[in-house]
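Just work.txt here, compact mmCIF, C-alpha atoms:
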# COMPACT_ATOMS: atom_id res chain seq x y z
CA SER A 64 -141.69 -22.92 65.82
CA GLY A 65 -139.78 -26.12 66.14
CA ASP A 66 -136.03 -26.19 66.04
CA ASN A 67 -135.59 -23.43 63.52
CA GLY A 68 -134.13 -21.16 66.04
CA PRO A 69 -131.37 -18.73 65.29
CA VAL A 70 -128.09 -20.35 64.46
CA SER A 71 -125.66 -19.55 67.19
CA GLY A 72 -122.11 -19.64 65.99
CA PRO A 73 -119.38 -17.06 65.73
CA SER A 74 -120.69 -13.66 66.79
CA PRO A 75 -122.30 -11.72 63.90
CA CYS A 76 -120.07 -8.75 64.78
CA LEU A 77 -117.48 -10.13 62.39
CA ARG A 78 -119.68 -9.05 59.54
CA LEU A 79 -119.65 -5.39 60.57
CA PRO A 80 -116.12 -4.37 59.43
CA ALA A 81 -117.23 -4.89 55.84
CA VAL A 82 -119.76 -2.10 56.38
CA LEU A 83 -117.30 0.12 58.29
CA ALA A 84 -114.38 -0.31 55.83
CA PRO A 85 -115.21 2.65 53.51
CA THR A 86 -114.78 5.11 56.38
CA LEU A 87 -111.38 3.72 57.33
CA ALA A 88 -109.56 6.12 55.07
CA ILE A 89 -107.76 9.34 55.71
CA HIS A 90 -109.24 12.51 54.19
CA VAL A 91 -106.96 15.37 53.28
CA TYR A 92 -108.23 18.87 52.47
CA THR A 93 -106.46 21.79 50.84
CA HIS A 94 -107.52 24.80 48.79
CA ARG A 95 -107.73 24.21 45.09
CA GLU A 96 -105.85 27.35 44.06
CA VAL A 97 -103.72 29.83 45.92
CA HIS A 98 -102.63 33.22 44.58
CA GLY A 99 -99.56 35.10 45.66
CA THR A 100 -97.53 38.08 44.60
CA VAL A 101 -93.84 37.97 43.83
CA GLY A 102 -91.75 38.54 46.93
CA SER A 103 -94.54 37.99 49.41
CA GLN A 104 -95.34 34.85 51.39
CA VAL A 105 -98.18 32.39 51.05
CA THR A 106 -99.65 29.81 53.42
CA LEU A 107 -100.35 26.39 51.94
CA ALA A 108 -103.05 25.10 54.25
CA CYS A 109 -103.62 21.38 54.63
CA SER A 110 -106.03 19.78 57.06
CA PHE A 111 -106.89 16.14 57.41
CA TRP A 112 -109.40 13.90 59.06
CA SER A 113 -108.60 10.46 60.35
CA SER A 114 -110.94 7.99 61.98
CA GLU A 115 -108.06 6.79 64.13
CA TRP A 116 -106.52 8.63 67.00
CA ILE A 117 -103.55 10.74 65.87
CA SER A 118 -100.58 8.67 66.98
CA GLU A 119 -96.91 9.55 67.16
CA ASP A 120 -96.37 7.65 63.90
CA VAL A 121 -98.32 10.20 61.87
CA SER A 122 -96.39 11.42 58.83
CA ILE A 123 -97.07 14.44 56.64
CA THR A 124 -95.37 14.94 53.30
CA TRP A 125 -95.45 17.89 50.92
CA LEU A 126 -94.54 17.30 47.27
CA PHE A 127 -93.99 19.88 44.56
CA GLN A 128 -94.37 19.60 40.81
CA PRO A 129 -93.23 22.70 38.94
CA GLU A 130 -95.49 24.07 36.25
CA SER A 131 -92.85 23.52 33.63
CA GLY A 132 -91.77 20.04 34.57
CA LYS A 133 -92.88 16.49 34.98
CA ASP A 134 -90.94 15.58 38.12
CA THR A 135 -92.51 15.64 41.53
CA ILE A 136 -90.03 16.41 44.23
CA SER A 137 -90.47 16.03 47.93
CA ILE A 138 -90.00 19.25 49.84
CA PHE A 139 -91.21 18.57 53.35
CA HIS A 140 -91.58 15.58 55.62
CA PHE A 141 -92.94 15.32 59.14
CA VAL A 142 -92.38 12.04 60.98
CA LYS A 143 -92.09 10.89 64.60
CA GLY A 144 -92.97 14.32 65.87
CA GLN A 145 -90.13 16.04 63.96
CA PRO A 146 -90.52 18.32 60.92
CA TYR A 147 -87.85 18.04 58.24
CA VAL A 148 -87.68 21.05 55.95
CA ASP A 149 -85.93 21.00 52.59
CA GLU A 150 -82.35 22.19 53.15
CA VAL A 151 -80.87 21.77 49.71
CA GLY A 152 -83.59 22.28 47.14
CA ALA A 153 -85.38 25.27 45.67
CA PHE A 154 -87.17 26.05 48.94
CA LYS A 155 -84.07 26.23 51.10
CA ASN A 156 -84.51 28.82 53.90
CA ARG A 157 -87.90 29.82 52.49
CA MET A 158 -90.18 27.24 54.02
CA GLU A 159 -91.60 27.12 57.51
CA TRP A 160 -93.68 24.47 59.22
CA VAL A 161 -96.74 25.94 60.95
CA GLY A 162 -98.88 22.87 61.29
CA ASP A 163 -99.86 20.75 64.29
CA PRO A 164 -100.72 17.11 63.63
CA HIS A 165 -102.66 16.83 66.87
CA ARG A 166 -104.88 19.65 65.65
CA LYS A 167 -105.15 17.89 62.28
CA ASP A 168 -103.32 20.72 60.55
CA GLY A 169 -100.41 20.21 58.20
CA SER A 170 -99.80 23.67 56.79
CA ILE A 171 -96.57 25.21 55.61
CA ILE A 172 -95.57 28.76 54.73
CA ILE A 173 -93.43 29.65 51.73
CA ARG A 174 -91.76 33.04 51.79
CA ASN A 175 -90.25 35.26 49.15
CA LEU A 176 -92.21 33.84 46.25
CA ASP A 177 -90.78 33.70 42.78
CA TYR A 178 -92.17 32.78 39.38
CA THR A 179 -90.40 29.40 39.57
CA ASP A 180 -92.73 28.50 42.45
CA ASN A 181 -95.66 28.22 40.06
CA GLY A 182 -96.87 24.65 40.17
CA THR A 183 -98.81 22.01 42.04
CA PHE A 184 -98.22 21.18 45.71
CA THR A 185 -99.46 17.89 47.09
CA CYS A 186 -100.20 17.28 50.77
CA ASP A 187 -100.00 13.65 51.79
CA VAL A 188 -100.85 12.46 55.29
CA LYS A 189 -100.48 8.99 56.73
CA ASN A 190 -101.66 8.03 60.18
CA PRO A 191 -100.92 4.34 60.81
CA PRO A 192 -102.99 2.18 60.77
CA ASP A 193 -105.09 4.61 58.76
CA ILE A 194 -103.00 4.91 55.61
CA GLY A 195 -105.41 4.60 52.72
CA GLY A 196 -107.03 7.64 51.19
CA LYS A 197 -106.49 10.38 48.66
CA SER A 198 -103.95 13.13 49.05
CA SER A 199 -104.95 16.64 48.08
CA GLN A 200 -103.39 19.10 45.65
CA VAL A 201 -103.19 22.85 45.59
CA THR A 202 -102.00 24.92 42.63
CA LEU A 203 -99.94 28.00 43.35
CA TYR A 204 -100.16 30.98 41.01
CA VAL A 205 -97.61 33.73 41.39
CA PHE A 206 -98.53 37.13 39.99
CA GLU A 207 -96.85 40.47 39.73
CA LYS A 208 -99.88 41.96 41.45
CA VAL A 209 -102.95 40.17 42.71
CA PRO A 210 -105.75 40.50 40.16
CA ILE A 211 -109.06 41.81 41.43
CA ARG A 212 -111.69 39.12 41.48
CA TYR A 213 -114.31 39.33 38.79
CA GLY A 214 -117.44 41.10 39.89
CA VAL A 215 -115.88 43.50 42.40
CA VAL A 216 -115.88 46.43 39.98
CA LEU A 217 -119.33 45.46 38.66
CA GLY A 218 -120.86 45.31 42.12
CA ALA A 219 -119.13 48.48 43.28
CA VAL A 220 -120.36 50.56 40.34
CA ILE A 221 -123.95 49.33 40.64
CA ALA A 222 -124.06 49.78 44.41
CA GLY A 223 -122.45 53.21 44.23
CA VAL A 224 -124.75 54.66 41.60
CA LEU A 225 -127.90 53.16 43.11
CA GLY A 226 -126.94 54.40 46.57
CA LEU A 227 -126.28 57.88 45.26
CA VAL A 228 -129.59 58.06 43.40
CA ILE A 229 -131.56 56.77 46.38
CA LEU A 230 -129.81 59.29 48.64
CA VAL A 231 -130.64 62.18 46.32
CA VAL A 232 -134.28 61.11 46.04
CA VAL A 233 -134.65 60.75 49.81
CA ILE A 234 -133.03 64.15 50.42
CA GLY A 235 -135.31 65.69 47.79
CA TYR A 236 -138.41 64.29 49.44
CA LEU A 237 -137.22 65.42 52.90
CA ILE A 238 -136.62 68.96 51.65
CA ARG A 239 -140.04 69.04 50.03
CA TYR A 240 -141.68 67.71 53.18
CA CYS A 241 -139.94 70.32 55.37
CA TRP A 242 -140.84 73.10 52.94
CA LEU A 243 -144.51 72.06 52.88
CA ARG A 244 -144.59 71.93 56.67
CA ARG A 245 -143.10 75.42 56.86
CA GLN A 246 -145.75 76.62 54.44
CA ALA A 247 -148.48 75.08 56.61
CA THR A 248 -147.19 76.71 59.81
CA LEU A 249 -146.84 80.02 57.98
CA GLN A 250 -150.49 79.80 56.90
CA ARG A 251 -151.58 79.07 60.44
CA GLN A 252 -149.60 82.03 61.76
CA LEU A 253 -151.14 84.28 59.13
CA SER A 254 -154.71 83.25 59.93
CA ALA A 255 -154.05 83.66 63.66
CA MET A 256 -152.65 87.14 63.08
CA GLU A 257 -155.63 88.00 60.92
CA LYS A 258 -158.02 87.02 63.68
CA GLY A 259 -156.03 89.01 66.20
CA LYS A 260 -155.96 92.01 63.90
CA LEU A 261 -159.75 91.95 63.44
CA GLN A 262 -160.29 91.80 67.20
CA ARG A 263 -157.92 94.66 67.85
CA SER A 264 -159.40 96.82 65.10
CA ALA A 265 -162.83 96.32 66.64
CA LYS A 266 -161.52 97.85 69.88
CA ASP A 267 -159.14 100.48 68.55
CA SER A 268 -159.37 101.27 64.89
CA SER A 269 -157.85 104.74 64.58
CA LYS A 270 -154.47 104.26 66.23
CA ARG A 271 -152.96 101.29 64.38
CA GLY A 272 -153.06 102.69 60.93
CA ARG A 273 -149.54 101.80 59.83
CA GLN A 274 -149.62 98.03 60.30
CA PRO A 275 -152.11 96.74 57.74
CA PRO A 276 -149.85 97.08 54.67
CA VAL A 277 -147.42 94.41 55.97
CA LEU A 278 -150.17 91.92 56.82
CA TYR A 279 -152.06 92.50 53.60
CA ALA A 280 -148.86 92.08 51.58
CA MET A 281 -148.31 88.67 53.18
CA LEU A 282 -151.92 87.67 52.68
CA ASP A 283 -151.75 88.78 49.06
CA HIS A 284 -148.65 86.69 48.52
CA SER A 285 -150.31 83.57 49.93
CA ARG A 286 -153.39 84.20 47.83
CA SER A 287 -151.35 84.66 44.66
CA THR A 288 -149.52 81.33 45.17
CA LYS A 289 -152.86 79.62 45.67
CA SER A 290 -154.25 81.07 42.44
CA ALA A 291 -151.11 80.10 40.50
CA SER A 292 -151.50 76.47 41.50
CA GLU A 293 -155.16 76.61 40.56
CA LYS A 294 -154.23 77.90 37.11
CA LYS A 295 -151.88 74.95 36.65
CA SER A 296 -154.57 72.40 37.36
CA LYS A 297 -156.87 73.75 34.66
CA GLY A 298 -156.18 72.79 31.04
CA GLY A 299 -152.99 71.05 30.00
CA LEU A 300 -152.54 67.48 28.78
CA GLY A 301 -153.16 64.42 30.85
CA GLU A 302 -155.57 61.56 31.06
CA SER A 303 -158.97 61.03 32.48
CA ARG A 304 -159.56 58.51 35.25
CA LYS A 305 -162.94 57.54 33.90
CA ASP A 306 -161.45 56.67 30.54
CA LYS A 307 -159.02 54.28 32.19
CA LYS A 308 -161.83 52.21 33.60
CA MET B 44 -156.62 60.98 26.45
CA LEU B 45 -156.38 57.24 26.38
CA LEU B 46 -154.43 57.20 23.12
CA LEU B 47 -151.70 59.41 24.55
CA LEU B 48 -151.40 57.25 27.64
CA LEU B 49 -151.17 54.13 25.52
CA GLY B 50 -148.55 55.71 23.31
CA ILE B 51 -146.42 56.73 26.26
CA ILE B 52 -146.60 53.27 27.78
CA VAL B 53 -145.76 51.62 24.45
CA LEU B 54 -142.70 53.86 24.10
CA HIS B 55 -141.56 53.04 27.61
CA VAL B 56 -141.99 49.29 27.07
CA ALA B 57 -140.14 49.55 23.77
CA VAL B 58 -137.21 51.22 25.52
CA LEU B 59 -137.29 48.49 28.15
CA VAL B 60 -137.26 45.74 25.53
CA LEU B 61 -134.35 47.38 23.69
CA LEU B 62 -132.39 47.60 26.93
CA PHE B 63 -133.07 43.98 27.83
CA VAL B 64 -132.08 42.64 24.42
CA SER B 65 -128.99 44.79 24.23
CA THR B 66 -127.82 43.69 27.66
CA ILE B 67 -128.60 40.00 27.45
CA VAL B 68 -127.52 39.12 23.91
CA SER B 69 -123.75 38.83 23.78
CA GLN B 70 -123.19 40.37 20.38
CA TRP B 71 -121.52 43.71 20.88
CA LEU B 72 -118.50 42.88 18.71
CA ILE B 73 -118.03 40.61 15.73
CA VAL B 74 -114.44 39.53 15.13
CA ASN B 75 -114.12 37.44 11.96
CA GLY B 76 -116.97 35.05 12.59
CA ARG B 77 -116.77 35.11 16.37
CA THR B 78 -119.16 37.14 18.47
CA ALA B 79 -117.87 38.75 21.61
CA ASP B 80 -119.08 40.64 24.65
CA LEU B 81 -120.88 41.59 26.86
CA TRP B 82 -120.92 38.31 28.78
CA GLN B 83 -119.63 35.60 26.47
CA ASN B 84 -117.38 35.12 23.50
CA CYS B 85 -118.82 32.53 21.18
CA SER B 86 -117.54 31.02 17.97
CA THR B 87 -119.14 28.65 15.53
CA LEU B 88 -116.91 25.69 14.74
CA GLY B 89 -116.78 24.85 11.10
CA VAL B 90 -119.91 24.31 9.07
CA SER B 91 -121.90 22.62 11.82
CA SER B 92 -124.08 24.71 14.07
CA SER B 93 -122.11 23.87 17.21
CA PHE B 94 -121.22 26.82 19.44
CA GLN B 95 -118.29 27.10 21.67
CA CYS B 96 -118.63 29.85 24.25
CA VAL B 97 -116.22 31.11 26.86
CA THR B 98 -116.78 33.85 29.39
CA SER B 99 -115.68 37.31 28.36
CA SER B 100 -112.62 39.00 29.81
CA THR B 101 -112.64 40.23 33.42
CA ASN B 102 -111.32 43.64 32.44
CA GLU B 103 -112.47 46.47 34.75
CA TRP B 104 -113.79 48.57 31.84
CA LEU B 105 -115.91 45.70 30.55
CA GLN B 106 -117.27 45.25 34.06
CA SER B 107 -118.22 48.92 34.20
CA VAL B 108 -120.04 48.60 30.85
CA GLN B 109 -121.93 45.61 32.22
CA ALA B 110 -122.75 47.57 35.36
CA MET B 111 -124.05 50.54 33.34
CA MET B 112 -126.32 48.34 31.23
CA ILE B 113 -127.72 46.61 34.30
CA LEU B 114 -128.27 49.98 36.00
CA SER B 115 -130.12 51.30 32.94
CA ILE B 116 -132.50 48.33 33.09
CA ILE B 117 -133.04 48.85 36.81
CA PHE B 118 -133.82 52.54 36.36
CA SER B 119 -136.16 51.94 33.46
CA VAL B 120 -138.13 49.29 35.34
CA LEU B 121 -138.28 51.55 38.41
CA SER B 122 -139.49 54.37 36.19
CA LEU B 123 -142.33 52.24 34.80
CA PHE B 124 -143.33 51.17 38.29
CA LEU B 125 -143.22 54.76 39.55
CA PHE B 126 -145.29 55.91 36.56
CA PHE B 127 -148.15 53.64 37.57
CA CYS B 128 -147.77 54.71 41.20
CA GLN B 129 -147.87 58.38 40.27
CA LEU B 130 -150.81 57.82 37.91
CA PHE B 131 -153.01 57.03 40.88
CA THR B 132 -151.48 59.20 43.60
CA LEU B 133 -150.49 62.43 41.85
CA THR B 134 -152.60 65.54 42.49
CA LYS B 135 -154.46 67.12 39.63
CA GLY B 136 -152.13 69.16 37.47
CA GLY B 137 -149.01 67.60 38.87
CA ARG B 138 -146.12 66.44 36.76
CA PHE B 139 -144.48 63.03 36.57
CA TYR B 140 -141.13 64.33 37.70
CA ILE B 141 -139.77 61.22 39.40
CA THR B 142 -140.80 58.97 36.52
CA GLY B 143 -139.13 61.24 34.00
CA ILE B 144 -135.97 61.62 36.05
CA PHE B 145 -135.50 57.87 36.36
CA GLN B 146 -136.11 57.33 32.67
CA ILE B 147 -133.60 60.03 31.76
CA LEU B 148 -131.12 58.44 34.19
CA ALA B 149 -131.63 55.12 32.40
CA GLY B 150 -130.85 56.82 29.10
CA LEU B 151 -127.71 58.38 30.52
CA CYS B 152 -126.57 55.02 31.85
CA VAL B 153 -126.96 53.35 28.44
CA MET B 154 -125.09 56.18 26.82
CA SER B 155 -122.19 56.02 29.24
CA GLY B 156 -122.05 52.24 28.93
CA ALA B 157 -121.99 52.34 25.14
CA ALA B 158 -119.48 55.20 25.16
CA ILE B 159 -117.11 53.41 27.53
CA PHE B 160 -117.38 50.31 25.37
CA THR B 161 -116.65 52.26 22.19
CA VAL B 162 -113.54 53.87 23.63
CA ARG B 163 -112.14 50.99 25.64
CA HIS B 164 -113.01 47.82 23.77
CA THR B 165 -109.50 47.57 22.38
CA ASP B 166 -108.22 46.95 25.90
CA TRP B 167 -109.52 43.41 26.00
CA GLN B 168 -110.30 42.69 22.36
CA PRO B 169 -107.40 42.81 19.90
CA THR B 170 -108.65 44.71 16.87
CA THR B 171 -108.17 43.31 13.43
CA SER B 172 -109.40 44.77 10.20
CA ASP B 173 -112.29 42.37 10.50
CA THR B 174 -113.75 43.79 13.71
CA SER B 175 -117.23 45.21 13.47
CA PHE B 176 -119.92 46.13 15.94
CA GLY B 177 -122.78 43.74 16.51
CA PHE B 178 -126.48 44.47 16.63
CA ALA B 179 -126.69 44.55 20.43
CA TYR B 180 -124.28 47.49 20.42
CA ILE B 181 -126.44 49.33 17.88
CA LEU B 182 -129.55 48.62 19.96
CA ALA B 183 -127.87 50.24 22.94
CA TRP B 184 -127.25 53.43 20.97
CA VAL B 185 -130.85 53.38 19.70
CA ALA B 186 -132.20 52.95 23.22
CA PHE B 187 -130.38 56.05 24.49
CA PRO B 188 -132.28 58.80 22.58
CA LEU B 189 -135.57 56.94 22.97
CA ALA B 190 -135.11 56.74 26.73
CA VAL B 191 -134.23 60.43 26.98
CA ILE B 192 -137.24 61.42 24.84
CA SER B 193 -139.50 59.23 26.92
CA GLY B 194 -138.18 60.80 30.12
CA VAL B 195 -138.63 64.34 28.81
CA ILE B 196 -142.22 63.53 27.79
CA TYR B 197 -142.91 62.41 31.36
CA VAL B 198 -141.45 65.60 32.77
CA ILE B 199 -143.60 67.91 30.63
CA LEU B 200 -146.72 65.78 30.93
CA ARG B 201 -149.43 66.94 33.32
CA LYS B 202 -151.99 64.83 35.10
CA ARG B 203 -155.55 65.62 34.28
CA GLU B 204 -158.57 64.35 36.19
Written as structure tokens, how would this file's structure read?
Amino acid sequence: SGDNGPVSGPSPCLRLPAVLAPTLAIHVYTHREVHGTVGSQVTLACSFWSSEWISEDVSITWLFQPESGKDTISIFHFVKGQPYVDEVGAFKNRMEWVGDPHRKDGSIIIRNLDYTDNGTFTCDVKNPPDIGGKSSQVTLYVFEKVPIRYGVVLGAVIAGVLGLVILVVVIGYLIRYCWLRRQATLQRQLSAMEKGKLQRSAKDSSKRGRQPPVLYAMLDHSRSTKSASEKKSKGGLGESRKDKK
Amino acid sequence: MLLLLLGIIVLHVAVLVLLFVSTIVSQWLIVNGRTADLWQNCSTLGVSSSFQCVTSSTNEWLQSVQAMMILSIIFSVLSLFLFFCQLFTLTKGGRFYITGIFQILAGLCVMSGAAIFTVRHTDWQPTTSDTSFGFAYILAWVAFPLAVISGVIYVILRKRE
């Protein structure tokens, strides 16, 4: 109401950069540790993110600080679209540029590792006008042979033994199931034969005198197994269901 | 008989408790004031009761001992669970075979774990004249015969209505 309208002066957009400023920094990412064996090669991966478009002025630098030293030496520099690999230092003929700034990748490969390569590598990327930001460091460890990560042996032993036991139990149950089914079919066959035998003996009892012994032997066997299992269920130790309640 | 059932369950739970304590407490070795293994090496600094603990070595033999102890716990818990399952589903006169087998397996696992530790602990722990075995190690050896006895009892036990 009245003349307290909005003050129109310079456009309020000027205030926005103060909010945007924190994101105007370059972000560099590397692994924290890299392990390699003597004589082999290792890839030092470095990727970056810039809020600006990757121009031709982008520069990538790799620095190296040996484990047993305080000096940081520069070993690689990429500028104006040209990679410059160290030709005189410790990494002469051992380093190769495999990165692509337009794909935001600044990785290098170091071949023929030696124990003197133990140390910290720093990847530094500048993309004018985006030049502020933290560089990233990766520590290289050179071993005689690569140590197995902790937990591999632990997991393998547990999984192996458990798998074996489960397999044996499943096979045991399968065998028991098959055996019980065979028993059931055998019983059915026996009872069917018994019925058939009774019918045939009603018609013709004098001629088939020789067969009964075989049938009766099988029937006796099935009866004896039944009585054995009945004997087992009597007596013995155990508990009573009623007592539990 | 209710008393027998209770006794068997108490024995099984006792074995389980022994296994848990032996596995979890990191006191298999005592090297002049410091305790070591199975998971952590701890030392008391000075007179104060402050502990400083670091993770134990990543030696393959130590990992296999850890694996054996964990497996023994798994088998014992499975055995208890299977016992209650079989209690209600077993036919009259049947035996608790599966329960007993798993409990005996648990006992064998503890034994192999403790044996491997006994033989191989010098690989990652330099022995001095001051080295002695801690109580968790002794508990592991106590759990082994108890687990085997418990398993055998299950195998010869019969279910009665």
task = For chain B, list the residues within 8 Å of chain A, counting all atoms listed in the file, and write the list as a PyMOL selection string.
result = chain B and resi 44-45+47-48+101+103+106-107+109-111+113-114+135-137+200-204
Go ahead and dump the residues you just picked, C-alpha atoms, as an mmCIF file, keeping the file's coordinate frame.
data_model
loop_
_atom_site.group_PDB
_atom_site.id
_atom_site.type_symbol
_atom_site.label_atom_id
_atom_site.label_comp_id
_atom_site.auth_asym_id
_atom_site.auth_seq_id
_atom_site.Cartn_x
_atom_site.Cartn_y
_atom_site.Cartn_z
ATOM 1 C CA MET B 44 -156.620 60.980 26.450
ATOM 2 C CA LEU B 45 -156.380 57.240 26.380
ATOM 3 C CA LEU B 47 -151.700 59.410 24.550
ATOM 4 C CA LEU B 48 -151.400 57.250 27.640
ATOM 5 C CA THR B 101 -112.640 40.230 33.420
ATOM 6 C CA GLU B 103 -112.470 46.470 34.750
ATOM 7 C CA GLN B 106 -117.270 45.250 34.060
ATOM 8 C CA SER B 107 -118.220 48.920 34.200
ATOM 9 C CA GLN B 109 -121.930 45.610 32.220
ATOM 10 C CA ALA B 110 -122.750 47.570 35.360
ATOM 11 C CA MET B 111 -124.050 50.540 33.340
ATOM 12 C CA ILE B 113 -127.720 46.610 34.300
ATOM 13 C CA LEU B 114 -128.270 49.980 36.000
ATOM 14 C CA LYS B 135 -154.460 67.120 39.630
ATOM 15 C CA GLY B 136 -152.130 69.160 37.470
ATOM 16 C CA GLY B 137 -149.010 67.600 38.870
ATOM 17 C CA LEU B 200 -146.720 65.780 30.930
ATOM 18 C CA ARG B 201 -149.430 66.940 33.320
ATOM 19 C CA LYS B 202 -151.990 64.830 35.100
ATOM 20 C CA ARG B 203 -155.550 65.620 34.280
ATOM 21 C CA GLU B 204 -158.570 64.350 36.190
#
key: Straight-line distance linking atom CA of A:Thr100 with atom CA of B:Pro169, stated in Å to one decimal   =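 Between atom CA of A:Thr100 and atom CA of B:Pro169 the gap works out to 27.0 Å.
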ask   = For B:Ser69, which residue out of B:Val198, B:Ser93, B:Tyr180, B:Ile141 is the nearest one, using all atoms listed in the file?
value = B:Tyr180
Just the residues within 6 Å of stretch 142-150 of chain B, please, counting all atoms listed in the file, with nothing from its chain fewer than 5 positions along; format it as a compact mmCIF listing (two decimals) with C-alpha atoms, in the frame of the given file.
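Dumped everything to selection_3.txt:
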# COMPACT_ATOMS: atom_id res chain seq x y z
CA SER B 115 -130.12 51.30 32.94
CA PHE B 118 -133.82 52.54 36.36
CA SER B 119 -136.16 51.94 33.46
CA SER B 122 -139.49 54.37 36.19
CA LEU B 125 -143.22 54.76 39.55
CA PHE B 126 -145.29 55.91 36.56
CA PHE B 187 -130.38 56.05 24.49
CA ALA B 190 -135.11 56.74 26.73
CA VAL B 191 -134.23 60.43 26.98
CA GLY B 194 -138.18 60.80 30.12
CA TYR B 197 -142.91 62.41 31.36
CA VAL B 198 -141.45 65.60 32.77
Option closest in space to A:Leu126, from A:Thr202, A:Thr183, A:Ser254, A:Gln246 [counting all atoms listed in the file] =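 Under the stated criterion, the closest residue is A:Thr183.
Between atom CA of A:Cys186 and atom CA of A:Trp116 lies a distance of 19.4 Å.
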task = Quick one: everything within 6 Å of B:Phe176, counting all atoms listed in the file, minus sequence neighbours fewer than 5 positions away in the same chain. Send it as a PyMOL selection string.
result = chain B and resi 71-73
